[in-house]
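Dropping input20.txt in here (compact mmCIF, N, CA and C atoms):
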# COMPACT_ATOMS: atom_id res chain seq x y z
N MET B 1 -21.93 3.81 15.22
CA MET B 1 -20.91 4.65 15.81
C MET B 1 -19.56 4.23 15.23
N THR B 2 -18.83 5.15 14.73
CA THR B 2 -17.53 4.83 14.15
C THR B 2 -16.43 5.31 15.09
N SER B 3 -15.36 4.56 15.09
CA SER B 3 -14.23 4.94 15.92
C SER B 3 -13.21 5.68 15.06
N PRO B 4 -12.44 6.54 15.68
CA PRO B 4 -11.43 7.28 14.90
C PRO B 4 -10.35 6.32 14.40
N ALA B 5 -9.71 6.70 13.32
CA ALA B 5 -8.64 5.89 12.77
C ALA B 5 -7.48 5.82 13.74
N ILE B 6 -6.89 4.65 13.83
CA ILE B 6 -5.75 4.46 14.71
C ILE B 6 -4.50 4.81 13.92
N ARG B 7 -3.76 5.74 14.44
CA ARG B 7 -2.52 6.15 13.79
C ARG B 7 -1.34 5.50 14.50
N PRO B 8 -0.30 5.18 13.73
CA PRO B 8 0.87 4.62 14.39
C PRO B 8 1.51 5.64 15.32
N ALA B 9 2.05 5.12 16.39
CA ALA B 9 2.70 5.99 17.36
C ALA B 9 3.96 6.57 16.74
N PRO B 10 4.24 7.84 16.99
CA PRO B 10 5.47 8.42 16.45
C PRO B 10 6.69 7.77 17.09
N PRO B 11 7.82 7.77 16.40
CA PRO B 11 9.03 7.21 17.00
C PRO B 11 9.40 7.97 18.26
N ALA B 12 10.07 7.28 19.14
CA ALA B 12 10.52 7.91 20.38
C ALA B 12 11.62 8.92 20.05
N ALA B 13 12.01 9.67 21.05
CA ALA B 13 13.03 10.70 20.85
C ALA B 13 14.35 10.12 20.34
N ASP B 14 14.65 8.88 20.74
CA ASP B 14 15.90 8.27 20.29
C ASP B 14 15.76 7.58 18.93
N GLY B 15 14.57 7.66 18.30
CA GLY B 15 14.37 7.09 16.97
C GLY B 15 13.86 5.66 16.97
N SER B 16 13.72 5.06 18.16
CA SER B 16 13.25 3.68 18.21
C SER B 16 11.73 3.63 18.03
N ARG B 17 11.25 2.49 17.62
CA ARG B 17 9.82 2.29 17.39
C ARG B 17 9.25 1.36 18.46
N PRO B 18 7.95 1.44 18.69
CA PRO B 18 7.34 0.50 19.63
C PRO B 18 7.49 -0.94 19.15
N ALA B 19 7.42 -1.88 20.07
CA ALA B 19 7.66 -3.29 19.75
C ALA B 19 6.67 -3.83 18.74
N HIS B 20 5.40 -3.44 18.80
CA HIS B 20 4.41 -3.98 17.86
C HIS B 20 4.68 -3.51 16.44
N GLU B 21 5.17 -2.28 16.29
CA GLU B 21 5.51 -1.80 14.95
C GLU B 21 6.74 -2.52 14.42
N HIS B 22 7.68 -2.81 15.28
CA HIS B 22 8.87 -3.54 14.87
C HIS B 22 8.50 -4.95 14.41
N ARG B 23 7.59 -5.61 15.15
CA ARG B 23 7.14 -6.94 14.75
C ARG B 23 6.40 -6.90 13.43
N ARG B 24 5.56 -5.88 13.24
CA ARG B 24 4.82 -5.77 11.99
C ARG B 24 5.76 -5.54 10.80
N LEU B 25 6.79 -4.74 11.00
CA LEU B 25 7.76 -4.49 9.94
C LEU B 25 8.50 -5.78 9.60
N ARG B 26 8.93 -6.54 10.59
CA ARG B 26 9.62 -7.81 10.35
C ARG B 26 8.70 -8.80 9.64
N LEU B 27 7.43 -8.81 9.98
CA LEU B 27 6.47 -9.69 9.31
C LEU B 27 6.37 -9.35 7.83
N TRP B 28 6.30 -8.07 7.51
CA TRP B 28 6.22 -7.66 6.11
C TRP B 28 7.51 -7.95 5.36
N GLU B 29 8.65 -7.83 6.05
CA GLU B 29 9.91 -8.20 5.40
C GLU B 29 9.93 -9.68 5.05
N ARG B 30 9.43 -10.52 5.96
CA ARG B 30 9.35 -11.96 5.66
C ARG B 30 8.41 -12.24 4.50
N ARG B 31 7.30 -11.52 4.45
CA ARG B 31 6.35 -11.72 3.36
C ARG B 31 6.95 -11.34 2.01
N VAL B 32 7.69 -10.24 1.98
CA VAL B 32 8.32 -9.79 0.73
C VAL B 32 9.35 -10.82 0.29
N ARG B 33 10.16 -11.32 1.22
CA ARG B 33 11.16 -12.33 0.87
C ARG B 33 10.51 -13.63 0.43
N ALA B 34 9.47 -14.07 1.15
CA ALA B 34 8.81 -15.33 0.82
C ALA B 34 8.15 -15.29 -0.55
N ALA B 35 7.72 -14.12 -0.97
CA ALA B 35 7.09 -14.00 -2.29
C ALA B 35 8.13 -14.09 -3.40
N GLY B 36 9.40 -13.93 -3.06
CA GLY B 36 10.46 -14.01 -4.07
C GLY B 36 10.70 -12.71 -4.81
N LEU B 37 10.18 -11.62 -4.30
CA LEU B 37 10.35 -10.33 -4.98
C LEU B 37 11.81 -9.87 -5.06
N PRO B 38 12.61 -10.01 -3.99
CA PRO B 38 13.99 -9.52 -4.09
C PRO B 38 14.79 -10.20 -5.21
N ARG B 39 14.54 -11.46 -5.44
CA ARG B 39 15.24 -12.17 -6.51
C ARG B 39 14.85 -11.61 -7.88
N LEU B 40 13.57 -11.31 -8.05
CA LEU B 40 13.11 -10.74 -9.32
C LEU B 40 13.62 -9.31 -9.49
N TRP B 41 13.68 -8.55 -8.39
CA TRP B 41 14.23 -7.20 -8.47
C TRP B 41 15.68 -7.25 -8.94
N ALA B 42 16.45 -8.16 -8.34
CA ALA B 42 17.87 -8.27 -8.70
C ALA B 42 18.02 -8.73 -10.15
N GLY B 43 17.06 -9.52 -10.64
CA GLY B 43 17.11 -9.95 -12.03
C GLY B 43 16.81 -8.84 -13.01
N ARG B 44 16.01 -7.89 -12.59
CA ARG B 44 15.65 -6.78 -13.47
C ARG B 44 16.57 -5.59 -13.34
N CYS B 45 17.11 -5.34 -12.16
CA CYS B 45 17.92 -4.15 -11.91
C CYS B 45 19.24 -4.56 -11.29
N THR B 46 20.32 -4.29 -11.97
CA THR B 46 21.63 -4.66 -11.44
C THR B 46 21.98 -3.86 -10.18
N ALA B 47 21.36 -2.73 -9.99
CA ALA B 47 21.62 -1.93 -8.78
C ALA B 47 21.16 -2.67 -7.52
N LEU B 48 20.22 -3.59 -7.67
CA LEU B 48 19.72 -4.33 -6.51
C LEU B 48 20.42 -5.67 -6.32
N SER B 49 21.50 -5.89 -7.04
CA SER B 49 22.28 -7.11 -6.88
C SER B 49 23.18 -7.05 -5.65
N ASP B 50 23.55 -5.86 -5.23
CA ASP B 50 24.38 -5.67 -4.05
C ASP B 50 23.57 -6.03 -2.81
N PRO B 51 24.09 -6.91 -1.93
CA PRO B 51 23.31 -7.35 -0.75
C PRO B 51 22.89 -6.21 0.17
N SER B 52 23.74 -5.21 0.38
CA SER B 52 23.36 -4.13 1.29
C SER B 52 22.23 -3.28 0.68
N ARG B 53 22.30 -3.04 -0.61
CA ARG B 53 21.22 -2.28 -1.26
C ARG B 53 19.93 -3.10 -1.30
N ARG B 54 20.06 -4.41 -1.52
CA ARG B 54 18.87 -5.26 -1.54
C ARG B 54 18.21 -5.27 -0.16
N ALA B 55 19.01 -5.30 0.91
CA ALA B 55 18.46 -5.26 2.27
C ALA B 55 17.74 -3.94 2.51
N ALA B 56 18.31 -2.84 2.05
CA ALA B 56 17.65 -1.53 2.19
C ALA B 56 16.36 -1.50 1.37
N ALA B 57 16.38 -2.13 0.21
CA ALA B 57 15.18 -2.17 -0.63
C ALA B 57 14.07 -2.97 0.05
N ILE B 58 14.43 -4.09 0.64
CA ILE B 58 13.43 -4.91 1.34
C ILE B 58 12.86 -4.14 2.52
N ARG B 59 13.73 -3.49 3.28
CA ARG B 59 13.28 -2.71 4.44
C ARG B 59 12.32 -1.61 4.02
N HIS B 60 12.67 -0.87 2.97
CA HIS B 60 11.83 0.25 2.54
C HIS B 60 10.49 -0.24 2.00
N THR B 61 10.52 -1.30 1.20
CA THR B 61 9.29 -1.84 0.64
C THR B 61 8.38 -2.38 1.74
N ALA B 62 8.96 -3.12 2.68
CA ALA B 62 8.17 -3.67 3.79
C ALA B 62 7.59 -2.55 4.66
N ALA B 63 8.35 -1.51 4.91
CA ALA B 63 7.85 -0.40 5.73
C ALA B 63 6.70 0.32 5.01
N THR B 64 6.80 0.46 3.71
CA THR B 64 5.72 1.09 2.96
C THR B 64 4.47 0.23 2.99
N PHE B 65 4.64 -1.09 2.78
CA PHE B 65 3.49 -1.99 2.82
C PHE B 65 2.84 -2.01 4.21
N ALA B 66 3.67 -1.97 5.25
CA ALA B 66 3.15 -2.00 6.62
C ALA B 66 2.39 -0.72 6.97
N ALA B 67 2.69 0.38 6.29
CA ALA B 67 2.04 1.66 6.59
C ALA B 67 0.72 1.85 5.85
N LEU B 68 0.37 0.92 4.96
CA LEU B 68 -0.88 1.05 4.21
C LEU B 68 -2.09 0.86 5.12
N PRO B 69 -3.24 1.37 4.73
CA PRO B 69 -4.46 1.12 5.51
C PRO B 69 -4.79 -0.38 5.54
N LYS B 70 -5.50 -0.78 6.56
CA LYS B 70 -5.77 -2.20 6.81
C LYS B 70 -6.37 -2.95 5.61
N PRO B 71 -7.38 -2.43 4.90
CA PRO B 71 -7.91 -3.19 3.77
C PRO B 71 -6.87 -3.44 2.67
N TYR B 72 -6.03 -2.45 2.43
CA TYR B 72 -4.97 -2.60 1.43
C TYR B 72 -3.93 -3.62 1.88
N ARG B 73 -3.60 -3.58 3.17
CA ARG B 73 -2.63 -4.55 3.71
C ARG B 73 -3.17 -5.97 3.57
N PHE B 74 -4.45 -6.15 3.81
CA PHE B 74 -5.06 -7.48 3.71
C PHE B 74 -4.95 -8.01 2.28
N VAL B 75 -5.32 -7.19 1.31
CA VAL B 75 -5.26 -7.61 -0.10
C VAL B 75 -3.82 -7.84 -0.52
N LEU B 76 -2.93 -6.99 -0.08
CA LEU B 76 -1.52 -7.13 -0.43
C LEU B 76 -0.93 -8.40 0.17
N ALA B 77 -1.29 -8.72 1.41
CA ALA B 77 -0.80 -9.96 2.03
C ALA B 77 -1.29 -11.17 1.25
N LEU B 78 -2.53 -11.13 0.80
CA LEU B 78 -3.07 -12.22 0.00
C LEU B 78 -2.33 -12.33 -1.34
N LEU B 79 -2.10 -11.21 -1.97
CA LEU B 79 -1.39 -11.20 -3.25
C LEU B 79 0.04 -11.70 -3.09
N LEU B 80 0.70 -11.33 -2.00
CA LEU B 80 2.06 -11.81 -1.76
C LEU B 80 2.09 -13.32 -1.53
N ARG B 81 1.04 -13.85 -0.93
CA ARG B 81 0.96 -15.31 -0.75
C ARG B 81 0.75 -16.04 -2.07
N LEU B 82 0.01 -15.42 -2.98
CA LEU B 82 -0.27 -16.06 -4.26
C LEU B 82 0.82 -15.82 -5.30
N PHE B 83 1.68 -14.87 -5.06
CA PHE B 83 2.71 -14.50 -6.03
C PHE B 83 3.64 -15.66 -6.38
N PRO B 84 4.11 -16.48 -5.41
CA PRO B 84 4.96 -17.61 -5.79
C PRO B 84 4.26 -18.62 -6.70
N VAL B 85 2.94 -18.73 -6.57
CA VAL B 85 2.20 -19.62 -7.46
C VAL B 85 2.25 -19.08 -8.89
N ALA B 86 2.09 -17.78 -9.02
CA ALA B 86 2.18 -17.16 -10.35
C ALA B 86 3.57 -17.32 -10.93
N VAL B 87 4.59 -17.21 -10.10
CA VAL B 87 5.96 -17.41 -10.58
C VAL B 87 6.15 -18.84 -11.06
N ALA B 88 5.63 -19.80 -10.30
CA ALA B 88 5.75 -21.20 -10.70
C ALA B 88 4.98 -21.49 -11.99
N LEU B 89 3.86 -20.81 -12.19
CA LEU B 89 3.10 -21.03 -13.42
C LEU B 89 3.77 -20.40 -14.64
N THR B 90 4.51 -19.32 -14.44
CA THR B 90 5.18 -18.69 -15.57
C THR B 90 6.46 -19.43 -15.95
N ASP B 91 7.07 -20.12 -15.00
CA ASP B 91 8.29 -20.89 -15.27
C ASP B 91 8.17 -22.24 -14.56
N PRO B 92 7.37 -23.18 -15.09
CA PRO B 92 7.09 -24.42 -14.37
C PRO B 92 8.30 -25.35 -14.22
N LEU B 93 9.29 -25.22 -15.07
CA LEU B 93 10.45 -26.09 -14.98
C LEU B 93 11.59 -25.49 -14.16
N ALA B 94 11.36 -24.40 -13.49
CA ALA B 94 12.41 -23.72 -12.73
C ALA B 94 13.08 -24.62 -11.69
N PRO B 95 12.33 -25.43 -10.91
CA PRO B 95 13.02 -26.27 -9.93
C PRO B 95 13.95 -27.30 -10.56
N LEU B 96 13.68 -27.69 -11.80
CA LEU B 96 14.51 -28.68 -12.46
C LEU B 96 15.76 -28.08 -13.10
N ARG B 97 15.80 -26.77 -13.25
CA ARG B 97 16.90 -26.11 -13.95
C ARG B 97 18.00 -25.61 -13.03
N GLY B 98 17.84 -25.73 -11.76
CA GLY B 98 18.88 -25.28 -10.83
C GLY B 98 18.73 -23.81 -10.48
N ALA B 99 19.85 -23.22 -10.13
CA ALA B 99 19.85 -21.81 -9.71
C ALA B 99 19.46 -20.91 -10.87
N PRO B 100 18.62 -19.90 -10.61
CA PRO B 100 18.18 -19.02 -11.69
C PRO B 100 19.30 -18.11 -12.17
N ASP B 101 19.40 -17.95 -13.47
CA ASP B 101 20.37 -17.01 -14.01
C ASP B 101 19.67 -15.70 -14.33
N GLN B 102 20.45 -14.71 -14.69
CA GLN B 102 19.93 -13.36 -14.94
C GLN B 102 18.88 -13.36 -16.05
N ALA B 103 19.14 -14.06 -17.13
CA ALA B 103 18.22 -14.05 -18.27
C ALA B 103 16.90 -14.71 -17.91
N ARG B 104 16.95 -15.81 -17.15
CA ARG B 104 15.71 -16.50 -16.78
C ARG B 104 14.89 -15.66 -15.81
N LEU B 105 15.54 -14.98 -14.88
CA LEU B 105 14.80 -14.09 -13.98
C LEU B 105 14.15 -12.95 -14.75
N GLN B 106 14.85 -12.43 -15.75
CA GLN B 106 14.29 -11.36 -16.59
C GLN B 106 13.07 -11.86 -17.35
N ARG B 107 13.15 -13.06 -17.93
CA ARG B 107 12.00 -13.63 -18.66
C ARG B 107 10.82 -13.85 -17.74
N THR B 108 11.09 -14.37 -16.54
CA THR B 108 10.01 -14.60 -15.57
C THR B 108 9.35 -13.28 -15.19
N ALA B 109 10.14 -12.26 -14.92
CA ALA B 109 9.58 -10.95 -14.57
C ALA B 109 8.80 -10.36 -15.73
N ASP B 110 9.28 -10.56 -16.96
CA ASP B 110 8.55 -10.06 -18.13
C ASP B 110 7.21 -10.77 -18.29
N ARG B 111 7.20 -12.08 -18.05
CA ARG B 111 5.93 -12.83 -18.14
C ARG B 111 4.96 -12.40 -17.05
N LEU B 112 5.49 -12.19 -15.84
CA LEU B 112 4.63 -11.76 -14.74
C LEU B 112 4.07 -10.36 -14.95
N SER B 113 4.77 -9.56 -15.73
CA SER B 113 4.28 -8.20 -15.97
C SER B 113 3.07 -8.17 -16.89
N THR B 114 2.64 -9.32 -17.39
CA THR B 114 1.43 -9.39 -18.20
C THR B 114 0.25 -9.96 -17.43
N VAL B 115 0.49 -10.43 -16.21
CA VAL B 115 -0.57 -11.03 -15.40
C VAL B 115 -1.20 -9.95 -14.52
N PRO B 116 -2.53 -9.75 -14.63
CA PRO B 116 -3.17 -8.72 -13.80
C PRO B 116 -2.95 -9.00 -12.31
N GLY B 117 -2.71 -7.98 -11.57
CA GLY B 117 -2.43 -8.11 -10.14
C GLY B 117 -0.94 -8.29 -9.90
N CYS B 118 -0.36 -9.28 -10.53
CA CYS B 118 1.08 -9.50 -10.39
C CYS B 118 1.86 -8.37 -11.06
N ALA B 119 1.35 -7.89 -12.15
CA ALA B 119 2.03 -6.79 -12.86
C ALA B 119 2.10 -5.55 -11.97
N GLU B 120 0.99 -5.23 -11.34
CA GLU B 120 0.96 -4.05 -10.48
C GLU B 120 1.85 -4.24 -9.26
N LEU B 121 1.82 -5.45 -8.68
CA LEU B 121 2.67 -5.72 -7.52
C LEU B 121 4.14 -5.63 -7.90
N LEU B 122 4.51 -6.20 -9.01
CA LEU B 122 5.90 -6.18 -9.44
C LEU B 122 6.36 -4.76 -9.77
N LYS B 123 5.51 -4.00 -10.44
CA LYS B 123 5.87 -2.63 -10.80
C LYS B 123 6.00 -1.74 -9.56
N ALA B 124 5.01 -1.81 -8.68
CA ALA B 124 5.04 -0.96 -7.48
C ALA B 124 6.18 -1.35 -6.54
N SER B 125 6.36 -2.66 -6.33
CA SER B 125 7.41 -3.08 -5.41
C SER B 125 8.80 -2.80 -5.99
N SER B 126 8.96 -2.91 -7.30
CA SER B 126 10.25 -2.58 -7.92
C SER B 126 10.57 -1.10 -7.74
N SER B 127 9.57 -0.26 -7.91
CA SER B 127 9.79 1.18 -7.72
C SER B 127 10.16 1.49 -6.28
N LEU B 128 9.43 0.89 -5.35
CA LEU B 128 9.74 1.11 -3.93
C LEU B 128 11.12 0.58 -3.59
N ALA B 129 11.47 -0.57 -4.14
CA ALA B 129 12.78 -1.16 -3.86
C ALA B 129 13.90 -0.28 -4.39
N LEU B 130 13.75 0.22 -5.59
CA LEU B 130 14.78 1.08 -6.16
C LEU B 130 14.90 2.38 -5.35
N TYR B 131 13.78 2.92 -4.96
CA TYR B 131 13.82 4.14 -4.16
C TYR B 131 14.52 3.88 -2.83
N GLY B 132 14.17 2.78 -2.18
CA GLY B 132 14.79 2.45 -0.90
C GLY B 132 16.26 2.14 -1.01
N ALA B 133 16.65 1.48 -2.09
CA ALA B 133 18.06 1.09 -2.24
C ALA B 133 18.94 2.24 -2.69
N LEU B 134 18.45 3.05 -3.60
CA LEU B 134 19.29 4.08 -4.18
C LEU B 134 19.23 5.41 -3.45
N ASP B 135 18.21 5.60 -2.62
CA ASP B 135 18.09 6.86 -1.91
C ASP B 135 18.91 6.87 -0.63
N GLY B 136 19.20 5.68 -0.12
CA GLY B 136 19.95 5.59 1.13
C GLY B 136 21.43 5.79 0.92
N PRO B 137 22.21 5.55 1.95
CA PRO B 137 23.66 5.70 1.82
C PRO B 137 24.22 4.66 0.86
N THR B 138 25.25 5.02 0.16
CA THR B 138 25.85 4.10 -0.80
C THR B 138 26.65 3.05 -0.06
N PRO B 139 26.78 1.85 -0.65
CA PRO B 139 27.55 0.80 0.01
C PRO B 139 29.01 1.23 0.18
N GLN B 140 29.61 0.73 1.24
CA GLN B 140 30.99 1.08 1.52
C GLN B 140 31.90 0.45 0.48
N ARG B 141 32.77 1.24 -0.08
CA ARG B 141 33.73 0.74 -1.05
C ARG B 141 35.07 0.56 -0.35
N SER B 142 35.85 -0.30 -0.91
CA SER B 142 37.17 -0.56 -0.36
C SER B 142 38.04 0.69 -0.49
N THR B 143 38.69 1.05 0.57
CA THR B 143 39.55 2.24 0.55
C THR B 143 41.02 1.87 0.43
N THR B 144 41.31 0.58 0.26
CA THR B 144 42.71 0.17 0.12
C THR B 144 43.24 0.58 -1.24
N ARG B 145 44.47 0.98 -1.27
CA ARG B 145 45.09 1.39 -2.52
C ARG B 145 45.62 0.17 -3.24
N ARG B 146 45.60 0.23 -4.54
CA ARG B 146 46.15 -0.86 -5.35
C ARG B 146 47.66 -0.83 -5.30
N GLN B 147 48.24 -2.01 -5.29
CA GLN B 147 49.70 -2.12 -5.29
C GLN B 147 50.23 -1.90 -6.70
N GLY B 148 51.33 -1.28 -6.83
CA GLY B 148 52.01 -1.13 -8.12
C GLY B 148 51.55 0.04 -8.94
N LEU B 149 50.60 0.83 -8.46
CA LEU B 149 50.17 2.00 -9.22
C LEU B 149 50.90 3.22 -8.67
N GLY B 150 51.58 3.85 -9.51
CA GLY B 150 52.09 5.04 -9.21
C GLY B 150 53.09 5.64 -8.53
Would you put the structure from the file into C-alpha cells?
Amino acid sequence: MTSPAIRPAPPAADGSRPAHEHRRLRLWERRVRAAGLPRLWAGRCTALSDPSRRAAAIRHTAATFAALPKPYRFVLALLLRLFPVAVALTDPLAPLRGAPDQARLQRTADRLSTVPGCAELLKASSSLALYGALDGPTPQRSTTRRQGLG
C-alpha cells in the first residue's frame, strides 16, 4: 500500500510559512554555507560579491534544495557534506596561505568543475545563486549627492 506524496503546505494569507518549513529552509542555508559554496560563487561571479545579493542567492538556492523530493535531498545533503573535502583536496595548502584571493578561488572552482558530482553541484548551485541574486530587487544605492559637482 502506498501513501500519497506529502506536499508542502501553501503559505498563509499573510505570506508566512509554517514553522517546520522555516526550520528546513534555515537548515539548508546552513548546509550551503558550510559547504563553502557562497565563497566560490563570489570568486567566479563579481555580481555575487555584494553581501545583500549573496544573501539572496543563498536563500534562493537553499529554498530550491529544500523543495526537492526526499531522495534528491538526501543525496544533495551528502554531497554538500563531502564538498569541503573536495575543496581541500583541490587546494591542499589553502589553510597555510591565509585569506583566499579572487584568483585562487577561481582556480579552485575551475579544478572542482572537473570532479564528477562536484562539477554538477557547482554548476547547478551557481545558476540558482545567480538567478536568486539577480532576479530580486537591486541593492540600495546611496542617494546622497556628491559635493562640488555642478
> Expressed in Å to a single decimal, how great is the separation between atom C of Leu80 in chain B and atom N of Ala57 in chain B?
Replying inline: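 A separation of 18.2 Å between them.
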>> Between B:Leu128, B:Arg73, B:Asp91, B:Ala66, which residue has the minimum interatomic distance to Leu105 in chain B, considering only C-alpha atoms?
In response: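 Of B:Leu128, B:Arg73, B:Asp91, B:Ala66, the one nearest Leu105 in chain B is B:Asp91, counting only C-alpha atoms.
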>> To one decimal place in Å, what is the distance between CA of Gln102 in chain B and CA of Gly43 in chain B?
In response: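 Answer for the CA of Gln102 in chain B to CA of Gly43 in chain B separation: 5.3 Å.
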>> One number please: CA of Gln106 in chain B to CA of Val87 in chain B, in Å, one decimal.
In response: 11.9 Å
>> With 6 Å as the threshold, what does the neighbourhood of (6.0, -15.0, -11.3) contain in terms of residues, counting only C-alpha atoms? Coordinates are those of the file; answer as a list in words.
In response: Ala86, Val87, Thr90, Thr108 and Leu112 of chain B
>> From the options B:Leu76, B:Val32, B:Leu93, B:Val115, which residue's atoms come nearest to His60 in chain B, counting only C-alpha atoms?
In response: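 Closest to His60 in chain B, using only C-alpha atoms: B:Val32.
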> Residues at most 12 Å from Glu120 in chain B, counting only C-alpha atoms, excluding those fewer than 4 positions away in the same chain, as a PyMOL selection string?
Replying inline: chain B and resi 76+79-80+83+109+112-116+124-127
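Of the listed residues (B:Ala129, B:Ala62, B:Ala77, B:Leu134), B:Ala129 comes nearest to Trp41 in chain B; the distances count only N, CA and C atoms.
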Output file request: range 65-83 of chain B, with N, CA and C atoms, as a tab-separated table (two decimals), in the first residue's frame.
chain	number	residue	atom	x	y	z
B	65	PHE	N	16.80	23.76	-2.97
B	65	PHE	CA	17.25	22.45	-2.48
B	65	PHE	C	16.24	21.84	-1.51
B	66	ALA	N	15.64	22.68	-0.67
B	66	ALA	CA	14.66	22.19	0.30
B	66	ALA	C	13.38	21.70	-0.36
B	67	ALA	N	13.09	22.19	-1.56
B	67	ALA	CA	11.86	21.79	-2.25
B	67	ALA	C	12.02	20.52	-3.08
B	68	LEU	N	13.23	19.99	-3.16
B	68	LEU	CA	13.45	18.77	-3.95
B	68	LEU	C	12.79	17.57	-3.28
B	69	PRO	N	12.50	16.52	-4.05
B	69	PRO	CA	11.98	15.29	-3.44
B	69	PRO	C	12.99	14.69	-2.47
B	70	LYS	N	12.50	13.93	-1.53
B	70	LYS	CA	13.32	13.40	-0.44
B	70	LYS	C	14.57	12.65	-0.89
B	71	PRO	N	14.52	11.74	-1.88
B	71	PRO	CA	15.75	11.05	-2.27
B	71	PRO	C	16.82	12.01	-2.81
B	72	TYR	N	16.39	13.02	-3.55
B	72	TYR	CA	17.34	14.01	-4.07
B	72	TYR	C	17.93	14.85	-2.94
B	73	ARG	N	17.09	15.21	-1.97
B	73	ARG	CA	17.59	15.98	-0.82
B	73	ARG	C	18.63	15.18	-0.05
B	74	PHE	N	18.40	13.90	0.10
B	74	PHE	CA	19.34	13.04	0.84
B	74	PHE	C	20.70	13.02	0.14
B	75	VAL	N	20.70	12.80	-1.17
B	75	VAL	CA	21.95	12.75	-1.93
B	75	VAL	C	22.63	14.11	-1.92
B	76	LEU	N	21.85	15.16	-2.06
B	76	LEU	CA	22.40	16.50	-2.06
B	76	LEU	C	23.01	16.86	-0.71
B	77	ALA	N	22.36	16.47	0.38
B	77	ALA	CA	22.91	16.72	1.71
B	77	ALA	C	24.24	15.99	1.88
B	78	LEU	N	24.32	14.78	1.38
B	78	LEU	CA	25.58	14.03	1.45
B	78	LEU	C	26.66	14.71	0.61
B	79	LEU	N	26.31	15.14	-0.57
B	79	LEU	CA	27.27	15.81	-1.45
B	79	LEU	C	27.74	17.13	-0.84
B	80	LEU	N	26.85	17.86	-0.20
B	80	LEU	CA	27.24	19.11	0.45
B	80	LEU	C	28.19	18.85	1.62
B	81	ARG	N	28.01	17.74	2.30
B	81	ARG	CA	28.93	17.39	3.39
B	81	ARG	C	30.32	17.02	2.86
B	82	LEU	N	30.37	16.39	1.70
B	82	LEU	CA	31.64	15.97	1.13
B	82	LEU	C	32.34	17.07	0.33
B	83	PHE	N	31.61	18.10	-0.02
B	83	PHE	CA	32.15	19.16	-0.87
B	83	PHE	C	33.37	19.85	-0.25
